[in-house]
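Notes for the one structure printed next.
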Amino acid sequence: MRPIYLDNNATTRTDPLVIAAMLPFFSERFGNASSGHVFGSDVAGSVREARKCVRALIGAEFDSEIVFTSGGTESDNTAILSALAVQEGRDEVVATAVEHPAVLSLTNELTRRGTTCHLVPVDSCGRIDVEAYRRALSPRTAVASIMWANNETGTIFPVEYLAKMARSVGALFHTDAVQCVGRIPIDLKRTEIDMLSLSAHKLHGPKGIGALYVRKGTRFSPLITGGPQERRRRAGTENVPGIIGLGKAAELAAATLEQEQARIGALRDRLEQGLLNLGHCMVLGDVNSRLPNTTGIAFEHLEGEAIIHHLSRAGIAASVGSACTSGSMEPSYVLRAMKVPPDSLNGAIRFSLSRETTSSEIEHVVQVMADVLASFRATSTAKQECASGTSLPMEPSP
């Protein structure tokens with residue numbers, strides 16, 4: 001079989017239709033969107049259309065609420081730092097212990113500088129402790145920044161409810177929705193969410209482009225200053241090819257979201273059940289409220305890195321967790337926060353599907369995993385027998 005890619009929470013393949021939409025803006029339509037001549041005005045019109053596509057995908061009310069950025073990390077940083085800058089007398093941040101590093105690295109730095117940052121715990125299913133969140137909110141809270149869904153477990157947080165709670169104390173509410181946009185329906189008009197981050201490369205768009213939704217009327221302080229681009233909310237010459245790519249990716253996601261959400265969810269369930277049937281493993285996260293494309297499985301007494309290595313040799317891409325924290329031999333901070341049992345903590349694997357995933361690929365992955373686990377467990381049993389002094393049977397004589 002061709003290589004099988006099940007690491008779509010790390011990044012997705014750029015859709016060929018997205019690439020085709022972008023290509024003219026590298027050559028024939030190369031103008032600066034801020035220029036007043038025809039080369040610029042032609043490109044500016046296409047940027048406006050891309051903005052409309054992003055607005056439609058997330059259910060924003062106005063095109064002007066979409067600010068193009070370089071991606072999710074910039075959007076997250078901009079939202080939190082802006083909220084701290086514009087609200088006099090409010091100097092605290094509330095987040096969760098399982099946020100993406102784009103948020104947690106910033107809260108760590110803010111804490112070092114003297115800002116109070118409350119990190120709300122989660123339970124064993126990765127669900128936010130709502131009462132602890134309520135206690136963390138106060139008249140000093142500038143912003144609550146809570147991810148819409150966790151990138152490692154897929155657990156979905158009740159951000160619409162959490163946004164109302166933040167509003168009740170006068171705080172702004174931001175959500176990192178990088179893993180959700182294009183995968184589950186979002187209608188921001190019906191929420192009290194003030195800011196939302198998204199990234200193109202999680203929905204079959206290009207890398208290096210994203211957006212920050214800023215609700216109309218929300219006070220805002222830009223992270224990057226300079227020219228008048230993006231209504232002076234994000235200076236710098238527009239990454240036009242990237243913006244066009246994000247717009248096309250948003251258009252394609254909106255057209256297929258309902259159908260693909262159900263299909264991908266069914267494939268995820270088949271994969272998950274096939275792996276559970278292999279025994280000695282557990283599902284991570286909230287099985288009743290999670291992204292349709294994501295399953296995290298923790299295997300007892302095994303090393304996730306070793307499993308990933310053998311899968312890779314078989315042409316299968318999966319992950320031990322977030323791509324932003326891979327390369328470390330330490331267990332995932334998300335799983336530690338969930339208090340995953342020690343005998344399963346190092347054996348966690350994340351499989352994340354996309355609209356390109358097929359049923360035959362899922363069947364093949366289950367079979368390969370069965371072979372890999374059988375090999376590991378046989379080796380483990382042999383080592384245990386040797387350690388206990390049990391004699392292994394000798395090879396029969398020819």
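Convention: chains lettered A, B, ... in structure tokens order; per-chain residue numbering from 1; ligands numbered from 1 as shown.
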Can you pull out every residue within 12 Å of Gly126 of chain A, counting only C-alpha atoms, but drop anything in the same chain fewer than 5 positions away, and send it as a PDB file with all heavy atoms, in the first residue's frame?
ATOM      1  N   THR A  96      -5.994  26.675  30.710  1.00  0.00           N
ATOM      2  CA  THR A  96      -6.006  25.334  31.289  1.00  0.00           C
ATOM      3  C   THR A  96      -4.598  24.759  31.278  1.00  0.00           C
ATOM      4  O   THR A  96      -3.718  25.237  30.561  1.00  0.00           O
ATOM      5  CB  THR A  96      -6.930  24.369  30.525  1.00  0.00           C
ATOM      6  OG1 THR A  96      -6.319  24.014  29.272  1.00  0.00           O
ATOM      7  CG2 THR A  96      -8.299  24.993  30.270  1.00  0.00           C
ATOM      8  N   ALA A  97      -4.428  23.695  32.042  1.00  0.00           N
ATOM      9  CA  ALA A  97      -3.125  23.035  32.126  1.00  0.00           C
ATOM     10  C   ALA A  97      -2.794  22.247  30.872  1.00  0.00           C
ATOM     11  O   ALA A  97      -1.669  21.752  30.745  1.00  0.00           O
ATOM     12  CB  ALA A  97      -3.094  22.107  33.340  1.00  0.00           C
ATOM     13  N   VAL A  98      -3.743  22.119  29.938  1.00  0.00           N
ATOM     14  CA  VAL A  98      -3.519  21.289  28.749  1.00  0.00           C
ATOM     15  C   VAL A  98      -3.573  22.104  27.465  1.00  0.00           C
ATOM     16  O   VAL A  98      -3.753  21.556  26.380  1.00  0.00           O
ATOM     17  CB  VAL A  98      -4.540  20.129  28.686  1.00  0.00           C
ATOM     18  CG1 VAL A  98      -4.351  19.191  29.864  1.00  0.00           C
ATOM     19  CG2 VAL A  98      -5.985  20.645  28.637  1.00  0.00           C
ATOM     20  N   GLU A  99      -3.405  23.424  27.571  1.00  0.00           N
ATOM     21  CA  GLU A  99      -3.392  24.256  26.370  1.00  0.00           C
ATOM     22  C   GLU A  99      -2.206  23.895  25.477  1.00  0.00           C
ATOM     23  O   GLU A  99      -1.222  23.287  25.912  1.00  0.00           O
ATOM     24  CB  GLU A  99      -3.299  25.736  26.756  1.00  0.00           C
ATOM     25  CG  GLU A  99      -4.496  26.291  27.502  1.00  0.00           C
ATOM     26  CD  GLU A  99      -5.779  26.238  26.704  1.00  0.00           C
ATOM     27  OE1 GLU A  99      -5.747  26.593  25.505  1.00  0.00           O
ATOM     28  OE2 GLU A  99      -6.819  25.850  27.271  1.00  0.00           O
ATOM     29  N   VAL A 120      -6.113  26.074  34.954  1.00  0.00           N
ATOM     30  CA  VAL A 120      -7.205  25.266  35.482  1.00  0.00           C
ATOM     31  C   VAL A 120      -6.947  23.791  35.186  1.00  0.00           C
ATOM     32  O   VAL A 120      -6.578  23.437  34.060  1.00  0.00           O
ATOM     33  CB  VAL A 120      -8.546  25.705  34.853  1.00  0.00           C
ATOM     34  CG1 VAL A 120      -9.700  24.888  35.413  1.00  0.00           C
ATOM     35  CG2 VAL A 120      -8.773  27.198  35.090  1.00  0.00           C
ATOM     36  N   PRO A 121      -7.118  22.907  36.172  1.00  0.00           N
ATOM     37  CA  PRO A 121      -6.861  21.481  35.945  1.00  0.00           C
ATOM     38  C   PRO A 121      -7.958  20.811  35.130  1.00  0.00           C
ATOM     39  O   PRO A 121      -9.041  21.378  34.896  1.00  0.00           O
ATOM     40  CB  PRO A 121      -6.828  20.908  37.372  1.00  0.00           C
ATOM     41  CG  PRO A 121      -7.702  21.832  38.162  1.00  0.00           C
ATOM     42  CD  PRO A 121      -7.487  23.198  37.577  1.00  0.00           C
ATOM     43  N   MET A 147      -8.783  26.386  25.011  1.00  0.00           N
ATOM     44  CA  MET A 147      -8.838  25.718  23.707  1.00  0.00           C
ATOM     45  C   MET A 147     -10.218  25.115  23.474  1.00  0.00           C
ATOM     46  O   MET A 147     -10.889  24.656  24.400  1.00  0.00           O
ATOM     47  CB  MET A 147      -7.746  24.653  23.594  1.00  0.00           C
ATOM     48  CG  MET A 147      -7.836  23.557  24.632  1.00  0.00           C
ATOM     49  SD  MET A 147      -6.524  22.278  24.576  1.00  0.00           S
ATOM     50  CE  MET A 147      -5.301  22.870  23.464  1.00  0.00           C
ATOM     51  N   ALA A 149     -10.734  22.434  21.490  1.00  0.00           N
ATOM     52  CA  ALA A 149     -10.518  20.982  21.581  1.00  0.00           C
ATOM     53  C   ALA A 149      -9.037  20.721  21.741  1.00  0.00           C
ATOM     54  O   ALA A 149      -8.201  21.421  21.159  1.00  0.00           O
ATOM     55  CB  ALA A 149     -11.051  20.258  20.352  1.00  0.00           C
ATOM     56  N   ASN A 150      -8.715  19.688  22.523  1.00  0.00           N
ATOM     57  CA  ASN A 150      -7.316  19.380  22.778  1.00  0.00           C
ATOM     58  C   ASN A 150      -6.685  18.661  21.598  1.00  0.00           C
ATOM     59  O   ASN A 150      -7.278  17.742  21.030  1.00  0.00           O
ATOM     60  CB  ASN A 150      -7.187  18.537  24.041  1.00  0.00           C
ATOM     61  CG  ASN A 150      -5.747  18.278  24.415  1.00  0.00           C
ATOM     62  OD1 ASN A 150      -5.200  17.238  24.090  1.00  0.00           O
ATOM     63  ND2 ASN A 150      -5.117  19.240  25.063  1.00  0.00           N
ATOM     64  N   ASN A 151      -5.471  19.052  21.268  1.00  0.00           N
ATOM     65  CA  ASN A 151      -4.791  18.501  20.099  1.00  0.00           C
ATOM     66  C   ASN A 151      -4.312  17.068  20.296  1.00  0.00           C
ATOM     67  O   ASN A 151      -4.098  16.346  19.330  1.00  0.00           O
ATOM     68  CB  ASN A 151      -3.607  19.385  19.704  1.00  0.00           C
ATOM     69  CG  ASN A 151      -2.757  19.786  20.892  1.00  0.00           C
ATOM     70  OD1 ASN A 151      -3.237  20.398  21.842  1.00  0.00           O
ATOM     71  ND2 ASN A 151      -1.482  19.447  20.853  1.00  0.00           N
ATOM     72  N   GLU A 152      -4.146  16.612  21.545  1.00  0.00           N
ATOM     73  CA  GLU A 152      -3.654  15.256  21.784  1.00  0.00           C
ATOM     74  C   GLU A 152      -4.776  14.244  21.967  1.00  0.00           C
ATOM     75  O   GLU A 152      -4.678  13.114  21.494  1.00  0.00           O
ATOM     76  CB  GLU A 152      -2.734  15.237  23.005  1.00  0.00           C
ATOM     77  CG  GLU A 152      -1.439  15.989  22.781  1.00  0.00           C
ATOM     78  CD  GLU A 152      -0.410  15.715  23.859  1.00  0.00           C
ATOM     79  OE1 GLU A 152      -0.383  14.591  24.400  1.00  0.00           O
ATOM     80  OE2 GLU A 152       0.390  16.628  24.169  1.00  0.00           O
ATOM     81  N   THR A 153      -5.843  14.633  22.659  1.00  0.00           N
ATOM     82  CA  THR A 153      -6.930  13.687  22.954  1.00  0.00           C
ATOM     83  C   THR A 153      -8.177  13.933  22.133  1.00  0.00           C
ATOM     84  O   THR A 153      -9.024  13.042  22.018  1.00  0.00           O
ATOM     85  CB  THR A 153      -7.324  13.769  24.438  1.00  0.00           C
ATOM     86  OG1 THR A 153      -7.874  15.069  24.713  1.00  0.00           O
ATOM     87  CG2 THR A 153      -6.105  13.536  25.336  1.00  0.00           C
ATOM     88  N   GLY A 154      -8.314  15.132  21.571  1.00  0.00           N
ATOM     89  CA  GLY A 154      -9.525  15.464  20.827  1.00  0.00           C
ATOM     90  C   GLY A 154     -10.672  15.916  21.709  1.00  0.00           C
ATOM     91  O   GLY A 154     -11.737  16.292  21.208  1.00  0.00           O
ATOM     92  N   THR A 155     -10.496  15.901  23.045  1.00  0.00           N
ATOM     93  CA  THR A 155     -11.561  16.295  23.962  1.00  0.00           C
ATOM     94  C   THR A 155     -12.023  17.719  23.664  1.00  0.00           C
ATOM     95  O   THR A 155     -11.213  18.643  23.569  1.00  0.00           O
ATOM     96  CB  THR A 155     -11.084  16.200  25.424  1.00  0.00           C
ATOM     97  OG1 THR A 155     -10.814  14.831  25.735  1.00  0.00           O
ATOM     98  CG2 THR A 155     -12.133  16.736  26.389  1.00  0.00           C
ATOM     99  N   ILE A 156     -13.336  17.887  23.520  1.00  0.00           N
ATOM    100  CA  ILE A 156     -13.925  19.183  23.224  1.00  0.00           C
ATOM    101  C   ILE A 156     -14.328  19.871  24.528  1.00  0.00           C
ATOM    102  O   ILE A 156     -14.959  19.269  25.392  1.00  0.00           O
ATOM    103  CB  ILE A 156     -15.144  19.030  22.296  1.00  0.00           C
ATOM    104  CG1 ILE A 156     -14.696  18.529  20.916  1.00  0.00           C
ATOM    105  CG2 ILE A 156     -15.900  20.353  22.157  1.00  0.00           C
ATOM    106  CD1 ILE A 156     -15.832  18.234  19.965  1.00  0.00           C
ATOM    107  N   PHE A 157     -13.975  21.139  24.662  1.00  0.00           N
ATOM    108  CA  PHE A 157     -14.304  21.918  25.853  1.00  0.00           C
ATOM    109  C   PHE A 157     -15.582  22.722  25.601  1.00  0.00           C
ATOM    110  O   PHE A 157     -15.822  23.171  24.466  1.00  0.00           O
ATOM    111  CB  PHE A 157     -13.165  22.863  26.193  1.00  0.00           C
ATOM    112  CG  PHE A 157     -11.949  22.189  26.769  1.00  0.00           C
ATOM    113  CD1 PHE A 157     -11.510  20.950  26.323  1.00  0.00           C
ATOM    114  CD2 PHE A 157     -11.229  22.798  27.778  1.00  0.00           C
ATOM    115  CE1 PHE A 157     -10.394  20.336  26.860  1.00  0.00           C
ATOM    116  CE2 PHE A 157     -10.101  22.200  28.332  1.00  0.00           C
ATOM    117  CZ  PHE A 157      -9.684  20.960  27.869  1.00  0.00           C
ATOM    118  N   VAL A 283      -8.653   4.043  25.890  1.00  0.00           N
ATOM    119  CA  VAL A 283      -8.884   5.256  25.115  1.00  0.00           C
ATOM    120  C   VAL A 283      -8.644   6.467  26.003  1.00  0.00           C
ATOM    121  O   VAL A 283      -9.067   6.501  27.161  1.00  0.00           O
ATOM    122  CB  VAL A 283     -10.314   5.294  24.561  1.00  0.00           C
ATOM    123  CG1 VAL A 283     -10.559   6.591  23.786  1.00  0.00           C
ATOM    124  CG2 VAL A 283     -10.569   4.101  23.656  1.00  0.00           C
ATOM    125  N   LEU A 284      -7.975   7.458  25.463  1.00  0.00           N
ATOM    126  CA  LEU A 284      -7.700   8.689  26.194  1.00  0.00           C
ATOM    127  C   LEU A 284      -8.705   9.767  25.794  1.00  0.00           C
ATOM    128  O   LEU A 284      -9.108   9.842  24.632  1.00  0.00           O
ATOM    129  CB  LEU A 284      -6.287   9.173  25.898  1.00  0.00           C
ATOM    130  CG  LEU A 284      -5.164   8.182  26.230  1.00  0.00           C
ATOM    131  CD1 LEU A 284      -3.844   8.663  25.643  1.00  0.00           C
ATOM    132  CD2 LEU A 284      -5.048   7.985  27.743  1.00  0.00           C
ATOM    133  N   GLY A 285      -9.079  10.593  26.740  1.00  0.00           N
ATOM    134  CA  GLY A 285      -9.979  11.694  26.427  1.00  0.00           C
ATOM    135  C   GLY A 285     -11.433  11.367  26.704  1.00  0.00           C
ATOM    136  O   GLY A 285     -11.777  10.285  27.180  1.00  0.00           O
ATOM    137  N   ASP A 286     -12.280  12.319  26.380  1.00  0.00           N
ATOM    138  CA  ASP A 286     -13.720  12.207  26.618  1.00  0.00           C
ATOM    139  C   ASP A 286     -14.389  11.572  25.404  1.00  0.00           C
ATOM    140  O   ASP A 286     -14.595  12.231  24.383  1.00  0.00           O
ATOM    141  CB  ASP A 286     -14.305  13.592  26.891  1.00  0.00           C
ATOM    142  CG  ASP A 286     -15.778  13.558  27.250  1.00  0.00           C
ATOM    143  OD1 ASP A 286     -16.364  12.452  27.255  1.00  0.00           O
ATOM    144  OD2 ASP A 286     -16.341  14.623  27.534  1.00  0.00           O
ATOM    145  N   VAL A 287     -14.743  10.305  25.496  1.00  0.00           N
ATOM    146  CA  VAL A 287     -15.300   9.586  24.347  1.00  0.00           C
ATOM    147  C   VAL A 287     -16.678  10.123  23.962  1.00  0.00           C
ATOM    148  O   VAL A 287     -17.171   9.845  22.859  1.00  0.00           O
ATOM    149  CB  VAL A 287     -15.390   8.066  24.610  1.00  0.00           C
ATOM    150  CG1 VAL A 287     -14.002   7.477  24.805  1.00  0.00           C
ATOM    151  CG2 VAL A 287     -16.283   7.770  25.808  1.00  0.00           C
ATOM    152  N   ASN A 288     -17.313  10.894  24.835  1.00  0.00           N
ATOM    153  CA  ASN A 288     -18.639  11.436  24.542  1.00  0.00           C
ATOM    154  C   ASN A 288     -18.600  12.843  23.969  1.00  0.00           C
ATOM    155  O   ASN A 288     -19.627  13.357  23.528  1.00  0.00           O
ATOM    156  CB  ASN A 288     -19.495  11.440  25.825  1.00  0.00           C
ATOM    157  CG  ASN A 288     -19.751  10.039  26.338  1.00  0.00           C
ATOM    158  OD1 ASN A 288     -20.117   9.147  25.580  1.00  0.00           O
ATOM    159  ND2 ASN A 288     -19.563   9.838  27.633  1.00  0.00           N
ATOM    160  N   SER A 289     -17.433  13.453  23.985  1.00  0.00           N
ATOM    161  CA  SER A 289     -17.329  14.812  23.461  1.00  0.00           C
ATOM    162  C   SER A 289     -15.903  15.051  22.984  1.00  0.00           C
ATOM    163  O   SER A 289     -15.044  15.522  23.729  1.00  0.00           O
ATOM    164  CB  SER A 289     -17.698  15.839  24.545  1.00  0.00           C
ATOM    165  OG  SER A 289     -17.640  17.156  24.030  1.00  0.00           O
ATOM    166  N   ARG A 290     -15.660  14.719  21.728  1.00  0.00           N
ATOM    167  CA  ARG A 290     -14.315  14.882  21.168  1.00  0.00           C
ATOM    168  C   ARG A 290     -14.405  15.067  19.661  1.00  0.00           C
ATOM    169  O   ARG A 290     -15.455  14.843  19.042  1.00  0.00           O
ATOM    170  CB  ARG A 290     -13.440  13.684  21.500  1.00  0.00           C
ATOM    171  CG  ARG A 290     -14.006  12.375  21.036  1.00  0.00           C
ATOM    172  CD  ARG A 290     -13.134  11.198  21.411  1.00  0.00           C
ATOM    173  NE  ARG A 290     -13.844   9.949  21.176  1.00  0.00           N
ATOM    174  CZ  ARG A 290     -13.251   8.791  20.971  1.00  0.00           C
ATOM    175  NH1 ARG A 290     -11.925   8.717  20.969  1.00  0.00           N
ATOM    176  NH2 ARG A 290     -13.960   7.696  20.782  1.00  0.00           N
ATOM    177  N   GLY A 296      -6.887   8.845  20.864  1.00  0.00           N
ATOM    178  CA  GLY A 296      -5.646   8.602  21.586  1.00  0.00           C
ATOM    179  C   GLY A 296      -5.777   7.279  22.322  1.00  0.00           C
ATOM    180  O   GLY A 296      -6.754   7.053  23.042  1.00  0.00           O
ATOM    181  N   TYR A 333       2.732  16.323  28.817  1.00  0.00           N
ATOM    182  CA  TYR A 333       2.191  17.102  29.931  1.00  0.00           C
ATOM    183  C   TYR A 333       0.667  17.027  29.968  1.00  0.00           C
ATOM    184  O   TYR A 333       0.050  17.151  31.036  1.00  0.00           O
ATOM    185  CB  TYR A 333       2.655  18.557  29.844  1.00  0.00           C
ATOM    186  CG  TYR A 333       2.095  19.349  28.683  1.00  0.00           C
ATOM    187  CD1 TYR A 333       0.904  20.061  28.811  1.00  0.00           C
ATOM    188  CD2 TYR A 333       2.742  19.393  27.451  1.00  0.00           C
ATOM    189  CE1 TYR A 333       0.396  20.794  27.759  1.00  0.00           C
ATOM    190  CE2 TYR A 333       2.238  20.109  26.395  1.00  0.00           C
ATOM    191  CZ  TYR A 333       1.059  20.810  26.547  1.00  0.00           C
ATOM    192  OH  TYR A 333       0.547  21.528  25.495  1.00  0.00           O
ATOM    193  N   VAL A 334       0.049  16.813  28.801  1.00  0.00           N
ATOM    194  CA  VAL A 334      -1.410  16.668  28.763  1.00  0.00           C
ATOM    195  C   VAL A 334      -1.827  15.399  29.499  1.00  0.00           C
ATOM    196  O   VAL A 334      -2.743  15.406  30.333  1.00  0.00           O
ATOM    197  CB  VAL A 334      -1.912  16.639  27.304  1.00  0.00           C
ATOM    198  CG1 VAL A 334      -3.408  16.289  27.245  1.00  0.00           C
ATOM    199  CG2 VAL A 334      -1.656  17.975  26.624  1.00  0.00           C
ATOM    200  N   LEU A 335      -1.136  14.301  29.217  1.00  0.00           N
ATOM    201  CA  LEU A 335      -1.488  13.028  29.855  1.00  0.00           C
ATOM    202  C   LEU A 335      -1.142  13.042  31.337  1.00  0.00           C
ATOM    203  O   LEU A 335      -1.847  12.428  32.155  1.00  0.00           O
ATOM    204  CB  LEU A 335      -0.786  11.874  29.144  1.00  0.00           C
ATOM    205  CG  LEU A 335      -1.060  11.755  27.643  1.00  0.00           C
ATOM    206  CD1 LEU A 335      -0.464  10.464  27.095  1.00  0.00           C
ATOM    207  CD2 LEU A 335      -2.555  11.823  27.347  1.00  0.00           C
ATOM    208  N   ARG A 336      -0.071  13.745  31.696  1.00  0.00           N
ATOM    209  CA  ARG A 336       0.250  13.877  33.122  1.00  0.00           C
ATOM    210  C   ARG A 336      -0.838  14.660  33.843  1.00  0.00           C
ATOM    211  O   ARG A 336      -1.228  14.318  34.964  1.00  0.00           O
ATOM    212  CB  ARG A 336       1.611  14.546  33.321  1.00  0.00           C
ATOM    213  CG  ARG A 336       2.803  13.708  32.858  1.00  0.00           C
ATOM    214  CD  ARG A 336       4.092  14.182  33.524  1.00  0.00           C
ATOM    215  NE  ARG A 336       4.343  15.601  33.286  1.00  0.00           N
ATOM    216  CZ  ARG A 336       5.024  16.089  32.261  1.00  0.00           C
ATOM    217  NH1 ARG A 336       5.527  15.262  31.349  1.00  0.00           N
ATOM    218  NH2 ARG A 336       5.220  17.376  32.128  1.00  0.00           N
ATOM    219  N   ALA A 337      -1.334  15.709  33.200  1.00  0.00           N
ATOM    220  CA  ALA A 337      -2.411  16.498  33.806  1.00  0.00           C
ATOM    221  C   ALA A 337      -3.685  15.673  33.965  1.00  0.00           C
ATOM    222  O   ALA A 337      -4.473  15.915  34.892  1.00  0.00           O
ATOM    223  CB  ALA A 337      -2.698  17.732  32.947  1.00  0.00           C
ATOM    224  N   MET A 338      -3.881  14.687  33.082  1.00  0.00           N
ATOM    225  CA  MET A 338      -5.041  13.801  33.162  1.00  0.00           C
ATOM    226  C   MET A 338      -4.827  12.644  34.139  1.00  0.00           C
ATOM    227  O   MET A 338      -5.726  11.844  34.343  1.00  0.00           O
ATOM    228  CB  MET A 338      -5.350  13.245  31.766  1.00  0.00           C
ATOM    229  CG  MET A 338      -5.840  14.293  30.771  1.00  0.00           C
ATOM    230  SD  MET A 338      -5.825  13.689  29.053  1.00  0.00           S
ATOM    231  CE  MET A 338      -6.867  12.224  29.187  1.00  0.00           C
ATOM    232  N   LYS A 339      -3.614  12.563  34.692  1.00  0.00           N
ATOM    233  CA  LYS A 339      -3.264  11.490  35.630  1.00  0.00           C
ATOM    234  C   LYS A 339      -3.480  10.099  35.026  1.00  0.00           C
ATOM    235  O   LYS A 339      -4.039   9.195  35.649  1.00  0.00           O
ATOM    236  CB  LYS A 339      -4.049  11.638  36.934  1.00  0.00           C
ATOM    237  CG  LYS A 339      -3.713  12.926  37.696  1.00  0.00           C
ATOM    238  CD  LYS A 339      -4.487  13.033  38.982  1.00  0.00           C
ATOM    239  CE  LYS A 339      -3.997  14.224  39.818  1.00  0.00           C
ATOM    240  NZ  LYS A 339      -4.119  15.513  39.097  1.00  0.00           N
ATOM    241  N   VAL A 340      -3.001   9.943  33.784  1.00  0.00           N
ATOM    242  CA  VAL A 340      -3.027   8.624  33.133  1.00  0.00           C
ATOM    243  C   VAL A 340      -2.160   7.674  33.957  1.00  0.00           C
ATOM    244  O   VAL A 340      -1.071   8.060  34.412  1.00  0.00           O
ATOM    245  CB  VAL A 340      -2.499   8.731  31.685  1.00  0.00           C
ATOM    246  CG1 VAL A 340      -2.326   7.351  31.052  1.00  0.00           C
ATOM    247  CG2 VAL A 340      -3.456   9.575  30.845  1.00  0.00           C
TER     248      VAL A 340
END
Just list the residues in segment 65-243 of chain A DSSP gives strand (DSSP E or B) on the backbone, as a PyMOL selection string. chain A and resi 66-69+92-96+116-120+122+128+141-145+149+155-156+172-176+181+184+195-199+210-214
So, with only C-alpha atoms as the atoms that count, which of A:Glu251, A:Glu260, A:Glu238, A:Asp91 lies closest to Arg355 of chain A?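 Closest residue, counting only C-alpha atoms: A:Glu260.
For the set A:Leu246, A:Asp76, A:Thr12, A:Ala253, the residue with the smallest atom-to-atom gap to Phe173 of chain A is A:Asp76, counting only C-alpha atoms.
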Residues near Leu137 of chain A, anyone? I mean within 10 Å using only C-alpha atoms, not counting same-chain ones fewer than 4 positions away, as a PyMOL selection string. chain A and resi 92-94+118+132-133+141-144+165-171
